[in-house]
Structures are given as C-alpha cells and as structure tokens.
Protein chains: 2
Amino acid sequence: MRIIDDRTGLEVLTRDECLRLLQTHHIGRVGVVAAHRPLIFPVNYVVDGDTIVFRTDEGMKLFGSTESGYVTAFEIDGTDPVYQAGWSVVVNGRAREVVNPQEIVHLSKLPLRPWAPGEKTHWVRIRPNTITGRRIITLG
Amino acid sequence: MRIIDDRTGLEVLTRDECLRLLQTHHIGRVGVVAAHRPLIFPVNYVVDGDTIVFRTDEGMKLFGSTESGYVTAFEIDGTDPVYQAGWSVVVNGRAREVVNPQEIVHLSKLPLRPWAPGEKTHWVRIRPNTITGRRIITLG
C-alpha cells in the first residue's frame with residue numbers, strides 16, 4: 001500500500017521506510033541557522049538508536065552544548081536515473097554535542113568516518129523531532 | 001596549483017571551479033529558514049548567467065517576492081568512492097521569485113526539469129552573494 005499526497009502527487013514514505021533509508025545510507029547534509037543565515041554542509045553519519053550522529057571540527061561553534069540544543073535539519077536523498085525516481089528524507093530535531101566520555105567511547109565504535117580530514121574531535125547527535133520522507137515516481 | 005586550508009586540510013576550490021561544478025550538475029539542495037527553523041529540500045536546478053534557478057510549487061510561501069529576497073543556502077556535493085574523494089560547493093545568496101513574464105519565457109527554454117511532479121509554476125532565482133567550495137582528498 002502506498003500513500004500518495006494528492007496535492008503534490010508524491011508518495012509519502014512511512015516513518016519505518018525513512019528509518020530504513022537513514023540506516024542504509026551514510027552521507028547526508030546538515031542544515032543549521034547561523035547568524036540568522038541558513039548553512040548546509042555534507043557529513044558522513046551513522047544512526048545510533050533513534051538518533052543521527054556525525055563528527056565535526058566545528059563542535060560548540062555550530063551546536064553549542066546547551067541542554068535544549070540547536071534546531072537542525074538533516075537531509076538525505078537519492079535518485080535512480082534509469083527509473084527517473086528519486087526520494088528524500090528530512091529529519092528535524094535538536095542537535096547537541098556529545099560530551100559524556102562513556103557515550104563518546106560507544107560512538108567511537110560505530111562505523112562512522114568523518115566526511116573530511118582533520119581531527120573531528122566533536123561528536124554531534126541529532127534527536128529527531130519529525131522524520132518525513134517522499135518518493136518521486138518520475139523526475140521528468 | 002592547489003590551495004590547501006591549513007586548519008582543515010581541505011583543498012579550497014576557486015570560484016571558477018565552483019561555477020564549473022555548478023554548471024555541470026543538476027541536483028542540489030536548498031536551505032532556507034522558515035519560522036526560525038532550517039529547512040532543506042532537493043531541487044533540480046540550472047545555472048542562468050551567474051544565478052541558480054529552480055522551480056517549486058511553494059513559491060511565495062517560501063521565498064516571498066520582496067525586492068530584497070530571502071537569504072538561502074544552496075549546496076551541491078559529490079563523492080568518488082574509488083578515490084575516497086569528495087567535494088561540496090555552497091552558495092549563499094538571496095532568493096527571489098521570478099515574476100517577470102519575459103524572464104519566465106526565457107527560463108522555460110532552459111534545460112530544467114523539476115525534481116518532483118506537480119505544476120511547479122513558481123520559478124525561483126538565487127543570486128549568489130558568496131560561492132565557496134572544498135575538495136576532500138580522502139574521506140577516510
């Protein structure tokens with residue numbers, strides 16, 4: 001059974017499908033608001049439980065360490081040129097830098113490579129508030 | 001000659017290289033701030049002169065039609081798994097909905113397919129303020 005959005009003609013992905021896509025991919029883009037401006041950067045990520053985890057050099061600078069965290073968007077997408085099909089999954093949630101040493105030990109064991117070289121000493125965890133996905137049957 | 005950022009170890013792409021990458025790709029992600037929250041969505045785009053153009057159903061809702069326009073981020077990226085190389089280009093600039101009929105006629109002739117089905121009656125143009133790019137020699 002597929003759910004089609006009448007207004008857009010897009011297939012609406014279930015939360016389970018979105019999670020499956022998140023679990024089987026490893027490059028996404030993080031969107032944050034810095035100085036009232038949107039910023040997008042690619043990251044390698046891993047799903048840990050029901051959260052998204054990635055490493056960055058920026059750490060505090062971008063995400064702070066407040067209890068509430070920063071609201072972020074996290075997006076993955078893919079296309080299949082042969083079938084003219086595409087999909088995207090967008091997570092909205094709060095990002096927090098991971099500072100608990102035990103948690104960092106746990107995260108260090110996950111199959112996560114940073115996108116770029118450098119020390120990447122900061123771990124950031126996004127706890128999803130909403131997860132939405134859509135599939136496009138034809139890109140044409 | 002390559003420019004390497006000492007802090008990050010990343011190759012800094014020249015504006016010309018960024019433009020060449022923008023001109024030779026056609027799927028990007030737009031980041032906007034809506035209700036103080038970052039939002040990311042994939043689009044098919046085309047380069048028109050020194051601007052980025054895409055179509056959307058959302059139109060006014062996201063980008064308004066004010067003279068000043070909305071500040072957006074626009075990102076493209078790519079990876080080469082074989083060489084463990086990756087790159088990304090980020091454009092920051094103001095997005096304005098195109099409302100001039102002559103301009104729309106011109107844009108209609110460009111090789112631009114909307115990402116998703118639907119009427120996509122709104123054309124949005126991003127005029128870059130800054131264009132930055134970086135290349136990662138190894139993703140590992």
# chains A, B, ... in the order shown; residues from 1 in each chain; ligands from 1
call {"tool": "select_by_dssp", "arguments": {"residues": "chain A", "states": "strand (DSSP E)", "output": "MDAnalysis selection string"}}
result
chainID A and resid 3:4 11:13 27:34 37:48 51:56 70:80 85:98 122:136
call {"tool": "residues_around", "arguments": {"residues": "range 29-35 of chain A", "least_positions_apart": "4", "cutoff": "8 Å", "atoms": "only C-alpha atoms", "output": "PyMOL selection string"}}
result
(chain A and resi 39-43+62+70-76) or (chain B and resi 31+33+36-40)
call {"tool": "write_last_selection", "arguments": {"atoms": "N, CA and C atoms", "output": "short mmCIF file (atom, residue, chain, number, x, y, z; two decimals), in the first residue's frame"}}
result
data_model
loop_
_atom_site.label_atom_id
_atom_site.label_comp_id
_atom_site.auth_asym_id
_atom_site.auth_seq_id
_atom_site.Cartn_x
_atom_site.Cartn_y
_atom_site.Cartn_z
N LEU A 39 22.75 27.47 6.68
CA LEU A 39 24.05 26.91 6.35
C LEU A 39 23.83 25.43 6.08
N ILE A 40 24.43 24.91 5.03
CA ILE A 40 24.30 23.48 4.72
C ILE A 40 25.69 22.89 4.58
N PHE A 41 25.93 21.76 5.21
CA PHE A 41 27.20 21.10 4.95
C PHE A 41 27.02 19.58 4.95
N PRO A 42 27.77 18.91 4.07
CA PRO A 42 27.65 17.45 4.00
C PRO A 42 28.40 16.78 5.14
N VAL A 43 27.87 15.67 5.60
CA VAL A 43 28.55 14.89 6.65
C VAL A 43 28.38 13.41 6.36
N LEU A 62 29.09 25.56 16.22
CA LEU A 62 27.82 25.44 15.50
C LEU A 62 26.67 25.00 16.38
N TYR A 70 20.39 22.91 19.43
CA TYR A 70 20.03 23.77 18.31
C TYR A 70 19.11 23.01 17.37
N VAL A 71 18.14 23.70 16.84
CA VAL A 71 17.25 23.06 15.88
C VAL A 71 18.00 22.90 14.55
N THR A 72 17.97 21.70 14.04
CA THR A 72 18.66 21.44 12.78
C THR A 72 17.73 20.72 11.82
N ALA A 73 18.12 20.77 10.58
CA ALA A 73 17.51 19.90 9.58
C ALA A 73 18.60 18.95 9.12
N PHE A 74 18.22 17.72 8.84
CA PHE A 74 19.17 16.76 8.33
C PHE A 74 18.50 16.08 7.15
N GLU A 75 19.21 16.02 6.03
CA GLU A 75 18.56 15.54 4.81
C GLU A 75 19.42 14.50 4.11
N ILE A 76 18.78 13.46 3.61
CA ILE A 76 19.44 12.55 2.68
C ILE A 76 18.54 12.42 1.46
N GLY B 31 18.57 25.41 1.23
CA GLY B 31 18.35 25.58 2.66
C GLY B 31 17.77 26.96 2.92
N VAL B 33 15.41 29.38 5.97
CA VAL B 33 14.96 29.46 7.35
C VAL B 33 13.48 29.78 7.32
N HIS B 36 11.97 30.34 11.83
CA HIS B 36 13.17 30.20 12.66
C HIS B 36 13.78 28.81 12.61
N ARG B 37 13.28 27.96 11.70
CA ARG B 37 13.82 26.61 11.62
C ARG B 37 14.48 26.39 10.26
N PRO B 38 15.59 25.65 10.26
CA PRO B 38 16.21 25.37 8.97
C PRO B 38 15.40 24.31 8.22
N LEU B 39 15.36 24.46 6.93
CA LEU B 39 14.61 23.55 6.08
C LEU B 39 15.52 23.23 4.89
N ILE B 40 15.59 21.97 4.52
CA ILE B 40 16.41 21.58 3.36
C ILE B 40 15.53 20.80 2.40
#
call {"tool": "select_by_dssp", "arguments": {"residues": "chain A", "states": "helix (DSSP H, G or I)", "output": "compact mmCIF listing (two decimals) with all heavy atoms, in the first residue's frame"}}
result
# COMPACT_ATOMS: atom_id res chain seq x y z
N ARG A 15 7.35 6.34 8.41
CA ARG A 15 8.50 6.55 9.30
C ARG A 15 9.46 5.37 9.23
O ARG A 15 10.68 5.55 9.23
CB ARG A 15 7.98 6.74 10.73
CG ARG A 15 9.05 7.18 11.71
CD ARG A 15 8.51 7.29 13.13
NE ARG A 15 9.58 7.41 14.09
CZ ARG A 15 10.03 8.56 14.58
NH1 ARG A 15 9.47 9.69 14.21
NH2 ARG A 15 11.02 8.59 15.45
N ASP A 16 8.92 4.16 9.14
CA ASP A 16 9.77 2.97 9.05
C ASP A 16 10.63 2.98 7.78
O ASP A 16 11.81 2.61 7.81
CB ASP A 16 8.91 1.69 9.07
CG ASP A 16 8.48 1.33 10.48
OD1 ASP A 16 8.94 2.01 11.42
OD2 ASP A 16 7.67 0.40 10.63
N GLU A 17 10.01 3.40 6.68
CA GLU A 17 10.78 3.47 5.42
C GLU A 17 11.88 4.53 5.54
O GLU A 17 13.00 4.34 5.06
CB GLU A 17 9.85 3.86 4.27
CG GLU A 17 9.17 2.67 3.62
CD GLU A 17 8.33 3.11 2.43
OE1 GLU A 17 7.25 3.70 2.66
OE2 GLU A 17 8.75 2.89 1.29
N CYS A 18 11.52 5.65 6.16
CA CYS A 18 12.51 6.72 6.34
C CYS A 18 13.69 6.21 7.18
O CYS A 18 14.86 6.44 6.84
CB CYS A 18 11.88 7.92 7.03
SG CYS A 18 10.67 8.80 6.02
N LEU A 19 13.37 5.49 8.25
CA LEU A 19 14.42 4.97 9.13
C LEU A 19 15.30 3.96 8.38
O LEU A 19 16.52 3.95 8.52
CB LEU A 19 13.81 4.33 10.38
CG LEU A 19 13.23 5.33 11.38
CD1 LEU A 19 12.49 4.60 12.50
CD2 LEU A 19 14.34 6.21 11.97
N ARG A 20 14.66 3.13 7.55
CA ARG A 20 15.41 2.15 6.78
C ARG A 20 16.37 2.86 5.82
O ARG A 20 17.54 2.48 5.67
CB ARG A 20 14.45 1.25 6.00
CG ARG A 20 15.10 0.05 5.32
CD ARG A 20 14.10 -0.72 4.47
NE ARG A 20 13.44 0.11 3.48
CZ ARG A 20 13.99 0.51 2.32
NH1 ARG A 20 15.22 0.17 2.03
NH2 ARG A 20 13.32 1.27 1.48
N LEU A 21 15.89 3.92 5.19
CA LEU A 21 16.75 4.69 4.27
C LEU A 21 17.89 5.35 5.05
O LEU A 21 19.04 5.36 4.60
CB LEU A 21 15.93 5.74 3.52
CG LEU A 21 15.04 5.16 2.41
CD1 LEU A 21 13.98 6.17 1.97
CD2 LEU A 21 15.88 4.75 1.21
N LEU A 22 17.57 5.89 6.22
CA LEU A 22 18.61 6.53 7.04
C LEU A 22 19.66 5.49 7.46
O LEU A 22 20.86 5.78 7.46
CB LEU A 22 18.00 7.18 8.28
CG LEU A 22 17.23 8.49 8.04
CD1 LEU A 22 16.39 8.86 9.25
CD2 LEU A 22 18.20 9.63 7.69
N GLN A 23 19.20 4.30 7.78
CA GLN A 23 20.12 3.26 8.26
C GLN A 23 21.00 2.70 7.14
O GLN A 23 22.07 2.17 7.41
CB GLN A 23 19.33 2.12 8.91
CG GLN A 23 18.92 2.45 10.34
CD GLN A 23 17.72 1.65 10.80
OE1 GLN A 23 17.15 0.89 10.03
NE2 GLN A 23 17.32 1.85 12.05
N MET A 60 31.21 23.05 19.26
CA MET A 60 30.49 24.09 20.01
C MET A 60 30.09 25.25 19.13
O MET A 60 29.02 25.83 19.29
CB MET A 60 31.39 24.63 21.11
CG MET A 60 32.08 23.58 21.94
SD MET A 60 30.96 22.83 23.12
CE MET A 60 30.88 24.15 24.34
N LYS A 61 30.99 25.60 18.25
CA LYS A 61 30.78 26.79 17.43
C LYS A 61 29.41 26.74 16.75
O LYS A 61 28.68 27.71 16.71
CB LYS A 61 31.89 26.85 16.37
CG LYS A 61 32.04 28.21 15.72
CD LYS A 61 33.26 28.22 14.83
CE LYS A 61 32.92 28.48 13.39
NZ LYS A 61 34.02 28.18 12.49
N LEU A 62 29.09 25.56 16.22
CA LEU A 62 27.82 25.44 15.50
C LEU A 62 26.67 25.00 16.38
O LEU A 62 25.55 25.41 16.19
CB LEU A 62 27.96 24.44 14.35
CG LEU A 62 28.62 24.94 13.09
CD1 LEU A 62 28.73 23.82 12.09
CD2 LEU A 62 27.81 26.09 12.49
N PHE A 63 26.96 24.14 17.33
CA PHE A 63 25.85 23.49 18.00
C PHE A 63 25.73 23.76 19.49
O PHE A 63 24.77 23.36 20.11
CB PHE A 63 25.92 21.98 17.76
CG PHE A 63 25.81 21.64 16.32
CD1 PHE A 63 26.93 21.37 15.57
CD2 PHE A 63 24.58 21.63 15.71
CE1 PHE A 63 26.83 21.08 14.22
CE2 PHE A 63 24.47 21.35 14.36
CZ PHE A 63 25.59 21.07 13.62
N PRO A 101 31.94 11.15 28.31
CA PRO A 101 33.04 10.29 27.83
C PRO A 101 32.59 8.87 27.49
O PRO A 101 33.05 8.29 26.50
CB PRO A 101 34.03 10.29 29.00
CG PRO A 101 33.70 11.51 29.79
CD PRO A 101 32.23 11.73 29.63
N GLN A 102 31.70 8.31 28.30
CA GLN A 102 31.24 6.93 28.03
C GLN A 102 30.49 6.85 26.71
O GLN A 102 30.61 5.90 25.95
CB GLN A 102 30.33 6.46 29.16
CG GLN A 102 31.10 5.87 30.34
CD GLN A 102 30.15 5.32 31.38
OE1 GLN A 102 29.27 6.04 31.86
NE2 GLN A 102 30.33 4.06 31.74
N GLU A 103 29.69 7.90 26.48
CA GLU A 103 28.94 7.97 25.24
C GLU A 103 29.90 8.07 24.05
O GLU A 103 29.70 7.46 23.00
CB GLU A 103 28.04 9.21 25.29
CG GLU A 103 26.60 8.98 24.91
CD GLU A 103 25.80 10.27 25.00
OE1 GLU A 103 25.86 10.96 26.04
OE2 GLU A 103 25.12 10.60 24.01
N ILE A 104 30.96 8.85 24.23
CA ILE A 104 31.94 9.02 23.15
C ILE A 104 32.66 7.70 22.86
O ILE A 104 32.90 7.35 21.70
CB ILE A 104 32.93 10.17 23.48
CG1 ILE A 104 32.18 11.51 23.42
CG2 ILE A 104 34.12 10.17 22.53
CD1 ILE A 104 32.96 12.71 23.89
N VAL A 105 32.96 6.95 23.91
CA VAL A 105 33.58 5.62 23.72
C VAL A 105 32.65 4.74 22.88
O VAL A 105 33.07 4.09 21.92
CB VAL A 105 33.90 4.96 25.08
CG1 VAL A 105 34.26 3.49 24.89
CG2 VAL A 105 35.02 5.70 25.78
N HIS A 106 31.36 4.77 23.24
CA HIS A 106 30.37 4.00 22.48
C HIS A 106 30.33 4.45 21.02
O HIS A 106 30.37 3.62 20.09
CB HIS A 106 28.99 4.15 23.13
CG HIS A 106 27.85 3.80 22.24
ND1 HIS A 106 27.59 2.50 21.85
CD2 HIS A 106 26.90 4.57 21.63
CE1 HIS A 106 26.54 2.48 21.04
NE2 HIS A 106 26.10 3.72 20.89
N LEU A 107 30.28 5.75 20.80
CA LEU A 107 30.17 6.27 19.43
C LEU A 107 31.42 5.95 18.61
O LEU A 107 31.35 5.71 17.41
CB LEU A 107 29.94 7.79 19.45
CG LEU A 107 28.61 8.25 20.08
CD1 LEU A 107 28.52 9.77 20.08
CD2 LEU A 107 27.41 7.65 19.35
N SER A 108 32.58 5.92 19.28
CA SER A 108 33.84 5.66 18.59
C SER A 108 33.86 4.28 17.95
O SER A 108 34.63 4.00 17.04
CB SER A 108 35.02 5.75 19.56
OG SER A 108 35.02 7.01 20.18
call {"tool": "residues_around", "arguments": {"residues": "Thr121 in chain A", "least_positions_apart": "3", "cutoff": "7 Å", "atoms": "only C-alpha atoms", "output": "MDAnalysis selection string"}}
result
chainID A and resid 55:57
call {"tool": "closest_residue", "arguments": {"among": "B:Ile136, B:Val98, B:Leu110, B:Val53", "to": "chain A", "atoms": "only C-alpha atoms"}}
result
B:Ile136
